[in-house]
Amino acid sequence: MSGEKKVDAVIIGAGISGMYQLHKLRKIGLTVKVYEGGTGVGGTWYWNRYPGARFDSESVSYGYSFSEELLQEWNWKERFSPQPDNLEYLEYVADKFDLRKDIQFSTRVTSAHYGEEENEWSVATDDGQAIKCQFLITAVGVLSTPFVPEIKGLNSFQGASWHTANWPKEHVGFEGKKVGVIGTGATAVQLIQEVAKTAGQLTVFQRTANFCKPLGNSLISDDEQEDIKKNYPKIFQRCRETFGSFLADFEKRSAFDVTPEEREARYEELWNEPGFGFWLGTYEDILTDPKANETQAEFARKKIRSRVNDPKVAEMLCPTSHPIGTKRMPLETGYYEVYNQPNVELVDIKATPIEVVTESSLKTTQTEYEFDMLILATGFDTVTGSLDRIDIRGSNGVSLKEKWVDGPRTYLGMGSSGFPNLFTLVGPHNGATFCNIPRCIEQNVEWVSDCIEHMTKNDIRRIEPNKDAEDKWTEHVQDVASGSLLTKTDSWFMGANIPGKPRQMYLYAGGSPLYRKTCDDVAENNYEGYTLQK
Ligand code: NA7
């Protein structure tokens with residue numbers, strides 16, 4: 001290796017968390033180097049350029065809250081902002097805070113090894129460079145390692161083919177094309193609505209039907225813009241108080257505290273309201289009581305049936321295999337109506353599984369479909385995937401991936417014992433993974449920054465989670481989820497979308513306010529559960 005350098009902190013990733021972490025550490029006076037695999041900033045919004053990609057959080061609740069000036073300068077154009085605007089916003093932030101000068105683009109970190117003697121991390125990158133640092137901060141994202149399932153012959157396909165998270169920068173037109181889409185998760189739902197507008201023929205391969213609800217997007221008027229800018233403190237305060245840091249929050253009553261008529265009326269209201277209210281703003285027992293859950297699930301199925309003309313197709317689109325709300329609910333604009341179009345076909349690949357992909361087609365057990373384009377909207381190796389692809393080794397050369405072979409073990413989702421001075425932003429078991437993500441990213445970044453500032457001010461050189469604190473937190477993460485229906489569903493929350501991945505809860509499901517309080521208490525009690533050394 002050549003050109004070994006040294007900085008106080010290395011940050012891996014220049015998405016929303018890495019960018020803010022860089023800004024904060026610079027303010028404390030640290031020297032920082034950020035490595036980013038893409039050619040620009042933006043993370044999720046850099047990679048996911050597929051047509052239809054947009055926020056499913058309200059734009060006003062999504063942007064950074066740390067700079068009043070930024071809040072007042074930036075105008076969100078749509079209630080749920082589309083990807084090109086989101087990327088433009090993050091590029092604007094990078095310019096405004098002059099972030100790029102400390103970011104090395106088109107570079108991936110391949111390994112990071114901790115050296116006990118010098119209390120330093122040695123970080124290597126795929127351009128053959130090396131750098132040393134005291135603090136290693138992963139800002140690698142939750143949904144950033146695309147998952148491509150093993151489908152026989154997939155590589156032999158000669159037409160255009162991409163995973164949605166590797167969408168090309170150039171314009172992709174669907175006019176008159178025969179397009180296949182595999183998957184019907186939140187990504188596919190956004191994409192399918194767009195492809196169906198112009199494709200000659202669109203065939204959607206669905207394994208599991210999802211509960212989707214209307215997004216309720218609209219343009220933000222000048223008057224609304226003015227109002228939003230006056231109300232940012234209230235908006236962010238609201239986000240600090242709600243379970244998932246969204247604007248919506250659960251009601252403090254059971255679905256059975258009201259009459260069936262009242263319940264239906266409430267579901268109707270939530271269905272028609274923009275955003276996630278129908279998911280995270282419903283009765284408090286929806287995610288714990290199967291009977292309560294079924295009242296809402298059946299309401300959603302009725303909505304689907306009322307929007308899809310062919311009863312057989314409608315039934316294929318009605319989820320029956322999991323409780324409503326136990327997967328991230330895709331938000332849609334005319335998704336169900338797409339299946340009324342003559343150019344769109346839905347294929348149930350549980351009934352007729354995919355057998356093989358050829359140079360120009362996909363064959364199920366029943367039919368062969370010819371395609372010009374085959375799109376994989378098959379999700380991600382979530383939460384741990386992007387950490388696993390880096391060879392991270394702590395004290396005594398122990399590998400993080402190997403330590404986590406039966407599932408992650410963390411303290412607060414921000415670090416792991418045996419890995420001193422490593423902070424995993426939005427890592428496994430972290431409150432930020434089940435959250436309106438930028439809101440919780442800010443909490444993570446601010447907590448880590450305060451911790452590092454505390455260390456520098458007090459000449460503390462090393463911080464490491466204690467094994468018993470880690471054991472307790474890891475157990476707590478599973479306990480919190482165990483009472484809920486979330487654990488009953490095969491979702492990416494449970495790692496169940498990846499063959500062979502240990503099936504357990506990867507997110508902290510205790511809610512943002514409790515997570516925030518726990519982290520604050522730990523810091524106030526002199527970083528309880530950590531060992532700090534001079
Ligand atoms: P998701 O939600 O993981 O969805 C992936 C989709 O791909 C889902 O419909 C899967 O079906 C399908 N899939 C996965 N593997 C296969 C195979 N082998 N064959 C057929 N179909 C398959 O990912 P998204 O990108 O949509 O959304 C991820 C998050 O991004 C979302 O939660 C939002 O937070 C934004 P399955 O349901 O597993 O049967």
# chains A, B, ... in the order shown; residues from 1 in each chain; ligands from 1
$ residues_near_ligand --ligand "ligand 1" --cutoff "9 Å" --atoms "only C-alpha atoms and all ligand atoms" --output "number ranges by chain"
A: 55-56, 142-143, 146-151, 164-165, 182-190, 205-210, 327-330, 349-350, 353-354, 376-382, 490-493, 496-499
$ write_last_selection --atoms "N, CA and C atoms" --output "tab-separated table (two decimals), in the first residue's frame"
chain	number	residue	atom	x	y	z
A	55	PHE	N	-39.83	10.33	-1.74
A	55	PHE	CA	-40.03	10.15	-0.29
A	55	PHE	C	-41.38	9.49	-0.05
A	56	ASP	N	-41.45	8.68	1.01
A	56	ASP	CA	-42.78	8.36	1.50
A	56	ASP	C	-42.98	8.97	2.89
A	142	VAL	N	-29.03	1.66	5.53
A	142	VAL	CA	-29.78	0.47	5.92
A	142	VAL	C	-30.19	-0.33	4.69
A	143	LEU	N	-30.47	0.39	3.63
A	143	LEU	CA	-30.98	-0.23	2.40
A	143	LEU	C	-30.02	0.13	1.28
A	146	PRO	N	-27.80	-3.93	-2.65
A	146	PRO	CA	-28.89	-4.54	-3.42
A	146	PRO	C	-28.87	-6.05	-3.32
A	147	PHE	N	-30.05	-6.63	-3.24
A	147	PHE	CA	-30.16	-8.09	-3.21
A	147	PHE	C	-30.67	-8.58	-4.57
A	148	VAL	N	-29.86	-9.41	-5.20
A	148	VAL	CA	-30.26	-10.03	-6.47
A	148	VAL	C	-30.44	-11.52	-6.21
A	149	PRO	N	-31.67	-12.00	-6.31
A	149	PRO	CA	-31.89	-13.42	-6.00
A	149	PRO	C	-31.23	-14.32	-7.02
A	150	GLU	N	-30.97	-15.55	-6.60
A	150	GLU	CA	-30.39	-16.53	-7.54
A	150	GLU	C	-31.50	-17.06	-8.43
A	151	ILE	N	-31.51	-16.59	-9.65
A	151	ILE	CA	-32.49	-17.08	-10.62
A	151	ILE	C	-31.69	-17.69	-11.76
A	164	THR	N	-33.07	-2.02	-9.18
A	164	THR	CA	-33.54	-0.62	-9.06
A	164	THR	C	-32.52	0.30	-8.38
A	165	ALA	N	-31.70	-0.27	-7.50
A	165	ALA	CA	-30.73	0.58	-6.78
A	165	ALA	C	-29.45	0.80	-7.59
A	182	ILE	N	-39.60	-7.81	-11.43
A	182	ILE	CA	-39.69	-8.84	-10.39
A	182	ILE	C	-39.72	-8.14	-9.04
A	183	GLY	N	-40.76	-8.41	-8.25
A	183	GLY	CA	-40.90	-7.80	-6.93
A	183	GLY	C	-42.09	-6.86	-6.88
A	184	THR	N	-42.69	-6.78	-5.69
A	184	THR	CA	-43.81	-5.86	-5.49
A	184	THR	C	-43.70	-5.17	-4.12
A	185	GLY	N	-42.45	-4.83	-3.71
A	185	GLY	CA	-42.24	-4.09	-2.48
A	185	GLY	C	-42.44	-2.59	-2.74
A	186	ALA	N	-42.03	-1.77	-1.77
A	186	ALA	CA	-42.24	-0.31	-1.87
A	186	ALA	C	-41.58	0.26	-3.13
A	187	THR	N	-40.40	-0.26	-3.47
A	187	THR	CA	-39.69	0.22	-4.66
A	187	THR	C	-40.47	-0.12	-5.92
A	188	ALA	N	-40.85	-1.40	-6.04
A	188	ALA	CA	-41.57	-1.86	-7.24
A	188	ALA	C	-42.86	-1.07	-7.42
A	189	VAL	N	-43.56	-0.83	-6.33
A	189	VAL	CA	-44.84	-0.12	-6.42
A	189	VAL	C	-44.62	1.27	-7.04
A	190	GLN	N	-43.58	1.97	-6.59
A	190	GLN	CA	-43.29	3.30	-7.16
A	190	GLN	C	-42.93	3.18	-8.65
A	205	PHE	N	-44.04	-9.68	-11.75
A	205	PHE	CA	-43.93	-10.98	-11.10
A	205	PHE	C	-44.00	-10.78	-9.58
A	206	GLN	N	-45.12	-11.20	-9.03
A	206	GLN	CA	-45.37	-10.98	-7.60
A	206	GLN	C	-45.27	-12.28	-6.82
A	207	ARG	N	-44.46	-12.25	-5.76
A	207	ARG	CA	-44.40	-13.44	-4.89
A	207	ARG	C	-45.37	-13.27	-3.72
A	208	THR	N	-45.32	-12.06	-3.11
A	208	THR	CA	-46.21	-11.81	-1.97
A	208	THR	C	-46.92	-10.48	-2.19
A	209	ALA	N	-48.23	-10.51	-2.08
A	209	ALA	CA	-48.98	-9.24	-2.22
A	209	ALA	C	-48.72	-8.37	-1.00
A	210	ASN	N	-48.73	-7.05	-1.22
A	210	ASN	CA	-48.43	-6.10	-0.14
A	210	ASN	C	-49.65	-5.23	0.13
A	327	LYS	N	-44.99	-5.09	7.45
A	327	LYS	CA	-43.94	-4.74	6.48
A	327	LYS	C	-44.08	-3.25	6.26
A	328	ARG	N	-43.01	-2.63	5.80
A	328	ARG	CA	-43.11	-1.21	5.47
A	328	ARG	C	-44.19	-1.05	4.39
A	329	MET	N	-45.18	-0.19	4.66
A	329	MET	CA	-46.34	-0.11	3.77
A	329	MET	C	-46.00	0.75	2.54
A	330	PRO	N	-46.03	0.17	1.35
A	330	PRO	CA	-45.78	1.02	0.18
A	330	PRO	C	-46.88	2.06	0.01
A	349	ILE	N	-46.05	-15.63	-8.80
A	349	ILE	CA	-44.95	-16.60	-8.92
A	349	ILE	C	-44.86	-17.54	-7.71
A	350	LYS	N	-45.83	-17.42	-6.81
A	350	LYS	CA	-45.93	-18.49	-5.81
A	350	LYS	C	-46.66	-19.67	-6.46
A	353	PRO	N	-43.92	-20.60	-10.16
A	353	PRO	CA	-42.59	-20.04	-9.89
A	353	PRO	C	-41.75	-19.80	-11.16
A	354	ILE	N	-40.82	-18.88	-11.02
A	354	ILE	CA	-39.87	-18.60	-12.09
A	354	ILE	C	-38.95	-19.81	-12.22
A	376	LEU	N	-35.13	-5.71	-11.71
A	376	LEU	CA	-35.16	-6.41	-10.42
A	376	LEU	C	-35.45	-5.39	-9.32
A	377	ALA	N	-36.65	-5.51	-8.74
A	377	ALA	CA	-36.99	-4.65	-7.59
A	377	ALA	C	-37.06	-5.56	-6.39
A	378	THR	N	-35.96	-6.28	-6.16
A	378	THR	CA	-35.95	-7.40	-5.22
A	378	THR	C	-35.35	-7.05	-3.86
A	379	GLY	N	-35.21	-5.76	-3.58
A	379	GLY	CA	-34.84	-5.35	-2.23
A	379	GLY	C	-33.35	-5.37	-1.94
A	380	PHE	N	-33.05	-5.46	-0.65
A	380	PHE	CA	-31.67	-5.25	-0.18
A	380	PHE	C	-31.29	-6.27	0.88
A	381	ASP	N	-29.98	-6.50	1.00
A	381	ASP	CA	-29.48	-7.19	2.18
A	381	ASP	C	-29.40	-6.09	3.24
A	382	THR	N	-30.49	-5.91	3.93
A	382	THR	CA	-30.69	-4.70	4.74
A	382	THR	C	-29.87	-4.72	6.04
A	490	ASP	N	-42.39	-12.51	7.44
A	490	ASP	CA	-41.09	-12.60	6.78
A	490	ASP	C	-40.82	-11.29	6.05
A	491	SER	N	-40.15	-10.37	6.73
A	491	SER	CA	-39.87	-9.06	6.14
A	491	SER	C	-38.37	-8.80	6.25
A	492	TRP	N	-37.93	-7.69	5.64
A	492	TRP	CA	-36.52	-7.35	5.81
A	492	TRP	C	-36.22	-6.88	7.22
A	493	PHE	N	-37.25	-6.44	7.95
A	493	PHE	CA	-37.05	-6.08	9.38
A	493	PHE	C	-36.49	-7.29	10.14
A	496	ALA	N	-35.59	-11.77	6.95
A	496	ALA	CA	-36.16	-12.97	6.32
A	496	ALA	C	-36.21	-12.88	4.80
A	497	ASN	N	-35.80	-11.75	4.24
A	497	ASN	CA	-35.81	-11.62	2.77
A	497	ASN	C	-34.54	-12.18	2.14
A	498	ILE	N	-33.56	-12.51	2.97
A	498	ILE	CA	-32.28	-13.00	2.45
A	498	ILE	C	-32.12	-14.47	2.85
A	499	PRO	N	-32.01	-15.36	1.87
A	499	PRO	CA	-31.86	-16.78	2.22
A	499	PRO	C	-30.65	-17.00	3.14
$ residues_around --residues "Thr384 (chain A)" --least-positions-apart "5" --cutoff "12 Å" --atoms "only C-alpha atoms" --output "compact mmCIF listing (two decimals) with all heavy atoms, in the first residue's frame"
# COMPACT_ATOMS: atom_id res chain seq x y z
N THR A 138 -19.21 4.29 10.64
CA THR A 138 -19.85 3.75 9.45
C THR A 138 -21.17 4.49 9.23
O THR A 138 -21.98 4.63 10.13
CB THR A 138 -20.10 2.23 9.58
OG1 THR A 138 -20.95 1.98 10.70
CG2 THR A 138 -18.80 1.47 9.75
N ALA A 139 -21.33 4.98 8.02
CA ALA A 139 -22.55 5.69 7.63
C ALA A 139 -23.02 5.06 6.33
O ALA A 139 -23.21 5.73 5.33
CB ALA A 139 -22.24 7.18 7.46
N VAL A 140 -23.16 3.73 6.39
CA VAL A 140 -23.31 2.95 5.16
C VAL A 140 -24.77 2.70 4.76
O VAL A 140 -25.03 2.07 3.73
CB VAL A 140 -22.57 1.58 5.28
CG1 VAL A 140 -21.06 1.80 5.35
CG2 VAL A 140 -23.04 0.80 6.50
N GLY A 141 -25.71 3.16 5.59
CA GLY A 141 -27.12 3.03 5.22
C GLY A 141 -27.71 1.69 5.57
O GLY A 141 -27.00 0.72 5.88
N VAL A 142 -29.03 1.66 5.53
CA VAL A 142 -29.78 0.47 5.92
C VAL A 142 -30.19 -0.33 4.69
O VAL A 142 -30.25 -1.55 4.71
CB VAL A 142 -31.08 0.90 6.65
CG1 VAL A 142 -31.82 -0.31 7.17
CG2 VAL A 142 -30.79 1.86 7.77
N LEU A 143 -30.47 0.39 3.63
CA LEU A 143 -30.98 -0.23 2.40
C LEU A 143 -30.02 0.13 1.28
O LEU A 143 -30.33 0.94 0.40
CB LEU A 143 -32.39 0.31 2.11
CG LEU A 143 -33.45 -0.03 3.17
CD1 LEU A 143 -34.49 1.06 3.29
CD2 LEU A 143 -34.11 -1.36 2.85
N SER A 144 -28.80 -0.42 1.34
CA SER A 144 -27.77 0.04 0.41
C SER A 144 -26.98 -1.09 -0.26
O SER A 144 -26.16 -0.81 -1.12
CB SER A 144 -26.81 0.99 1.15
OG SER A 144 -26.48 0.46 2.40
N THR A 145 -27.25 -2.33 0.15
CA THR A 145 -26.63 -3.44 -0.58
C THR A 145 -27.73 -4.17 -1.34
O THR A 145 -28.52 -4.91 -0.75
CB THR A 145 -25.91 -4.40 0.41
OG1 THR A 145 -24.86 -3.67 1.04
CG2 THR A 145 -25.32 -5.61 -0.30
N PRO A 146 -27.80 -3.93 -2.65
CA PRO A 146 -28.89 -4.54 -3.42
C PRO A 146 -28.87 -6.05 -3.32
O PRO A 146 -27.79 -6.66 -3.30
CB PRO A 146 -28.60 -4.09 -4.86
CG PRO A 146 -27.69 -2.92 -4.74
CD PRO A 146 -26.91 -3.11 -3.48
N ARG A 389 -19.89 -6.26 3.94
CA ARG A 389 -18.98 -6.29 2.79
C ARG A 389 -17.64 -5.58 3.06
O ARG A 389 -16.78 -5.53 2.20
CB ARG A 389 -19.62 -5.84 1.49
CG ARG A 389 -20.54 -4.67 1.51
CD ARG A 389 -21.09 -4.40 0.10
NE ARG A 389 -21.68 -3.07 0.08
CZ ARG A 389 -22.31 -2.54 -0.94
NH1 ARG A 389 -22.43 -3.22 -2.05
NH2 ARG A 389 -22.81 -1.33 -0.87
N ILE A 390 -17.50 -5.05 4.27
CA ILE A 390 -16.20 -4.46 4.67
C ILE A 390 -15.56 -5.40 5.69
O ILE A 390 -16.25 -5.87 6.61
CB ILE A 390 -16.40 -3.06 5.30
CG1 ILE A 390 -17.24 -2.16 4.38
CG2 ILE A 390 -15.05 -2.42 5.63
CD1 ILE A 390 -17.75 -0.90 5.05
N LEU A 400 -15.99 -8.47 12.59
CA LEU A 400 -17.36 -8.08 12.97
C LEU A 400 -18.37 -9.03 12.33
O LEU A 400 -19.32 -9.47 12.96
CB LEU A 400 -17.63 -6.63 12.54
CG LEU A 400 -18.93 -6.02 13.05
CD1 LEU A 400 -18.91 -5.81 14.56
CD2 LEU A 400 -19.24 -4.68 12.37
N LYS A 401 -18.11 -9.35 11.08
CA LYS A 401 -19.01 -10.25 10.36
C LYS A 401 -19.08 -11.62 11.05
O LYS A 401 -20.16 -12.19 11.21
CB LYS A 401 -18.52 -10.40 8.91
CG LYS A 401 -19.47 -11.13 8.02
CD LYS A 401 -18.96 -11.15 6.59
CE LYS A 401 -19.85 -12.06 5.76
NZ LYS A 401 -19.39 -12.18 4.40
N TRP A 404 -20.92 -11.52 14.29
CA TRP A 404 -22.37 -11.38 14.09
C TRP A 404 -22.96 -12.52 13.25
O TRP A 404 -24.07 -12.38 12.73
CB TRP A 404 -22.66 -10.04 13.41
CG TRP A 404 -22.48 -8.86 14.30
CD1 TRP A 404 -22.10 -8.86 15.61
CD2 TRP A 404 -22.68 -7.48 13.95
NE1 TRP A 404 -22.05 -7.58 16.10
CE2 TRP A 404 -22.40 -6.72 15.10
CE3 TRP A 404 -23.06 -6.83 12.78
CZ2 TRP A 404 -22.49 -5.32 15.11
CZ3 TRP A 404 -23.15 -5.45 12.78
CH2 TRP A 404 -22.88 -4.69 13.95
N VAL A 405 -22.25 -13.62 13.16
CA VAL A 405 -22.71 -14.68 12.25
C VAL A 405 -24.09 -15.21 12.63
O VAL A 405 -24.90 -15.57 11.77
CB VAL A 405 -21.64 -15.80 12.11
CG1 VAL A 405 -21.55 -16.65 13.37
CG2 VAL A 405 -21.89 -16.66 10.89
N ASP A 406 -24.41 -15.19 13.94
CA ASP A 406 -25.75 -15.63 14.36
C ASP A 406 -26.70 -14.45 14.56
O ASP A 406 -27.74 -14.58 15.18
CB ASP A 406 -25.65 -16.43 15.68
CG ASP A 406 -24.87 -17.71 15.47
OD1 ASP A 406 -25.04 -18.32 14.40
OD2 ASP A 406 -24.08 -18.07 16.37
N GLY A 407 -26.30 -13.29 14.08
CA GLY A 407 -27.11 -12.08 14.24
C GLY A 407 -26.30 -11.03 14.96
O GLY A 407 -25.40 -11.36 15.75
N PRO A 408 -26.59 -9.73 14.71
CA PRO A 408 -25.79 -8.67 15.31
C PRO A 408 -25.88 -8.63 16.84
O PRO A 408 -26.91 -8.98 17.40
CB PRO A 408 -26.40 -7.40 14.71
CG PRO A 408 -27.57 -7.79 13.93
CD PRO A 408 -27.65 -9.26 13.85
N ARG A 409 -24.79 -8.23 17.45
CA ARG A 409 -24.77 -7.98 18.91
C ARG A 409 -24.23 -6.57 19.08
O ARG A 409 -23.10 -6.28 18.69
CB ARG A 409 -23.88 -9.02 19.63
CG ARG A 409 -24.27 -10.46 19.29
CD ARG A 409 -23.77 -11.45 20.32
NE ARG A 409 -24.33 -11.23 21.65
CZ ARG A 409 -25.56 -11.62 22.03
NH1 ARG A 409 -26.35 -12.23 21.18
NH2 ARG A 409 -25.97 -11.38 23.26
N THR A 410 -25.06 -5.72 19.62
CA THR A 410 -24.68 -4.30 19.68
C THR A 410 -25.09 -3.67 21.01
O THR A 410 -25.91 -4.22 21.75
CB THR A 410 -25.41 -3.46 18.60
OG1 THR A 410 -26.73 -3.14 19.06
CG2 THR A 410 -25.50 -4.18 17.27
N GLY A 413 -27.23 -0.13 19.28
CA GLY A 413 -27.19 -0.13 17.81
C GLY A 413 -26.12 0.78 17.26
O GLY A 413 -26.09 1.07 16.06
N THR A 424 -21.45 2.84 14.70
CA THR A 424 -22.23 2.40 13.53
C THR A 424 -23.50 3.24 13.45
O THR A 424 -24.50 2.93 14.10
CB THR A 424 -22.59 0.90 13.68
OG1 THR A 424 -23.21 0.69 14.96
CG2 THR A 424 -21.36 0.01 13.56
N LEU A 425 -23.46 4.31 12.68
CA LEU A 425 -24.65 5.15 12.52
C LEU A 425 -25.75 4.34 11.86
O LEU A 425 -25.49 3.65 10.87
CB LEU A 425 -24.34 6.37 11.66
CG LEU A 425 -23.31 7.37 12.20
CD1 LEU A 425 -23.04 8.45 11.17
CD2 LEU A 425 -23.75 7.98 13.52
N VAL A 426 -26.95 4.47 12.39
CA VAL A 426 -28.11 3.77 11.83
C VAL A 426 -27.80 2.27 11.65
O VAL A 426 -28.21 1.63 10.70
CB VAL A 426 -28.57 4.41 10.49
CG1 VAL A 426 -30.00 4.03 10.16
CG2 VAL A 426 -28.48 5.91 10.54
N GLY A 427 -27.06 1.74 12.62
CA GLY A 427 -26.66 0.34 12.54
C GLY A 427 -27.77 -0.59 13.00
O GLY A 427 -28.86 -0.15 13.37
N PRO A 428 -27.50 -1.91 12.98
CA PRO A 428 -28.48 -2.86 13.46
C PRO A 428 -28.84 -2.59 14.92
O PRO A 428 -27.99 -2.15 15.69
CB PRO A 428 -27.77 -4.22 13.32
CG PRO A 428 -26.35 -3.92 13.01
CD PRO A 428 -26.27 -2.54 12.50
N HIS A 429 -30.10 -2.82 15.29
CA HIS A 429 -30.62 -2.61 16.66
C HIS A 429 -30.74 -1.13 17.02
O HIS A 429 -30.90 -0.80 18.18
CB HIS A 429 -29.73 -3.26 17.73
CG HIS A 429 -29.57 -4.72 17.60
ND1 HIS A 429 -28.68 -5.43 18.38
CD2 HIS A 429 -30.18 -5.61 16.81
CE1 HIS A 429 -28.75 -6.71 18.05
NE2 HIS A 429 -29.66 -6.84 17.09
N ASN A 430 -30.65 -0.28 16.04
CA ASN A 430 -30.62 1.15 16.30
C ASN A 430 -32.02 1.71 16.10
O ASN A 430 -32.72 1.31 15.17
CB ASN A 430 -29.63 1.74 15.29
CG ASN A 430 -29.32 3.19 15.52
OD1 ASN A 430 -30.22 4.01 15.65
ND2 ASN A 430 -28.05 3.52 15.55
N THR A 433 -33.25 2.80 12.63
CA THR A 433 -33.60 1.92 11.51
C THR A 433 -35.11 1.76 11.36
O THR A 433 -35.57 1.30 10.33
CB THR A 433 -32.96 0.53 11.69
OG1 THR A 433 -33.12 0.13 13.04
CG2 THR A 433 -31.49 0.56 11.35
N TRP A 492 -37.93 -7.69 5.64
CA TRP A 492 -36.52 -7.35 5.81
C TRP A 492 -36.22 -6.88 7.22
O TRP A 492 -35.08 -6.94 7.67
CB TRP A 492 -36.04 -6.36 4.75
CG TRP A 492 -36.62 -4.98 4.73
CD1 TRP A 492 -37.58 -4.51 3.88
CD2 TRP A 492 -36.23 -3.86 5.54
NE1 TRP A 492 -37.82 -3.18 4.13
CE2 TRP A 492 -37.00 -2.75 5.13
CE3 TRP A 492 -35.30 -3.67 6.57
CZ2 TRP A 492 -36.89 -1.48 5.72
CZ3 TRP A 492 -35.19 -2.41 7.16
CH2 TRP A 492 -35.97 -1.35 6.74
N PHE A 493 -37.25 -6.44 7.95
CA PHE A 493 -37.05 -6.08 9.38
C PHE A 493 -36.49 -7.29 10.14
O PHE A 493 -35.76 -7.16 11.11
CB PHE A 493 -38.37 -5.71 10.07
CG PHE A 493 -39.13 -4.55 9.50
CD1 PHE A 493 -40.46 -4.34 9.86
CD2 PHE A 493 -38.54 -3.65 8.64
CE1 PHE A 493 -41.18 -3.27 9.36
CE2 PHE A 493 -39.27 -2.56 8.13
CZ PHE A 493 -40.59 -2.38 8.49
N MET A 494 -36.92 -8.51 9.69
CA MET A 494 -36.55 -9.75 10.36
C MET A 494 -35.41 -10.47 9.64
O MET A 494 -35.10 -11.62 9.97
CB MET A 494 -37.77 -10.69 10.41
CG MET A 494 -38.94 -10.17 11.22
SD MET A 494 -38.54 -9.98 12.97
CE MET A 494 -38.23 -11.66 13.46
N GLY A 495 -34.84 -9.84 8.64
CA GLY A 495 -33.76 -10.48 7.88
C GLY A 495 -34.27 -11.63 7.02
O GLY A 495 -33.48 -12.38 6.43
N ILE A 498 -33.56 -12.51 2.97
CA ILE A 498 -32.28 -13.00 2.45
C ILE A 498 -32.12 -14.47 2.85
O ILE A 498 -32.07 -14.77 4.06
CB ILE A 498 -31.09 -12.17 3.01
CG1 ILE A 498 -31.26 -10.68 2.70
CG2 ILE A 498 -29.74 -12.69 2.51
CD1 ILE A 498 -31.25 -10.32 1.23
N LYS A 501 -30.04 -15.84 6.11
CA LYS A 501 -29.74 -14.80 7.11
C LYS A 501 -30.48 -15.16 8.41
O LYS A 501 -31.65 -15.56 8.36
CB LYS A 501 -30.24 -13.45 6.57
CG LYS A 501 -29.75 -12.23 7.34
CD LYS A 501 -29.93 -10.97 6.49
CE LYS A 501 -29.61 -9.74 7.31
NZ LYS A 501 -29.56 -8.51 6.52
N PRO A 502 -29.79 -15.02 9.57
CA PRO A 502 -30.49 -15.39 10.80
C PRO A 502 -31.80 -14.60 10.95
O PRO A 502 -31.83 -13.40 10.72
CB PRO A 502 -29.50 -14.98 11.90
CG PRO A 502 -28.17 -14.94 11.23
CD PRO A 502 -28.43 -14.56 9.81
N MET A 505 -35.11 -9.89 14.89
CA MET A 505 -35.41 -8.48 14.67
C MET A 505 -34.10 -7.69 14.52
O MET A 505 -33.23 -7.75 15.40
CB MET A 505 -36.25 -7.96 15.84
CG MET A 505 -36.65 -6.53 15.75
SD MET A 505 -37.28 -6.02 14.14
CE MET A 505 -39.03 -6.23 14.36
N TYR A 506 -33.98 -6.98 13.42
CA TYR A 506 -32.75 -6.21 13.16
C TYR A 506 -32.90 -4.74 13.54
O TYR A 506 -31.94 -3.98 13.50
CB TYR A 506 -32.36 -6.33 11.67
CG TYR A 506 -31.72 -7.66 11.37
CD1 TYR A 506 -32.51 -8.82 11.28
CD2 TYR A 506 -30.34 -7.81 11.24
CE1 TYR A 506 -31.95 -10.06 11.06
CE2 TYR A 506 -29.76 -9.05 11.01
CZ TYR A 506 -30.57 -10.17 10.92
OH TYR A 506 -30.00 -11.41 10.71
N LEU A 507 -34.15 -4.35 13.86
CA LEU A 507 -34.40 -2.93 14.16
C LEU A 507 -34.83 -2.79 15.61
O LEU A 507 -35.38 -3.72 16.19
CB LEU A 507 -35.54 -2.39 13.28
CG LEU A 507 -35.67 -2.88 11.84
CD1 LEU A 507 -36.88 -2.23 11.20
CD2 LEU A 507 -34.42 -2.54 11.06
$ closest_atom_pairs --of "region 43-102 of chain A" --to "region 153-163 of chain A" --cutoff "12 Å" --atoms "only C-alpha atoms" --output "CSV"
residue,atom,partner,partner_atom,distance
A:Trp47,CA,A:His163,CA,10.4
A:Asn48,CA,A:His163,CA,9.4
A:Arg49,CA,A:His163,CA,10.7
A:Tyr50,CA,A:His163,CA,9.3
$ write_last_selection --atoms "C-alpha atoms" --output "compact mmCIF listing (two decimals), in the first residue's frame"
# COMPACT_ATOMS: atom_id res chain seq x y z
CA TRP A 47 -28.30 5.29 -6.15
CA ASN A 48 -32.06 4.89 -6.36
CA ARG A 49 -32.73 6.83 -9.56
CA TYR A 50 -35.46 4.59 -10.89
$ closest_residue --among "A:Leu486, A:Gly40, A:Asn119, A:Glu251" --to "Lys534 (chain A)" --atoms "only C-alpha atoms"
A:Asn119
$ closest_residue --among "A:Arg54, A:Asp388, A:Val34, A:Glu402" --to "Cys133 (chain A)" --atoms "only C-alpha atoms"
A:Val34
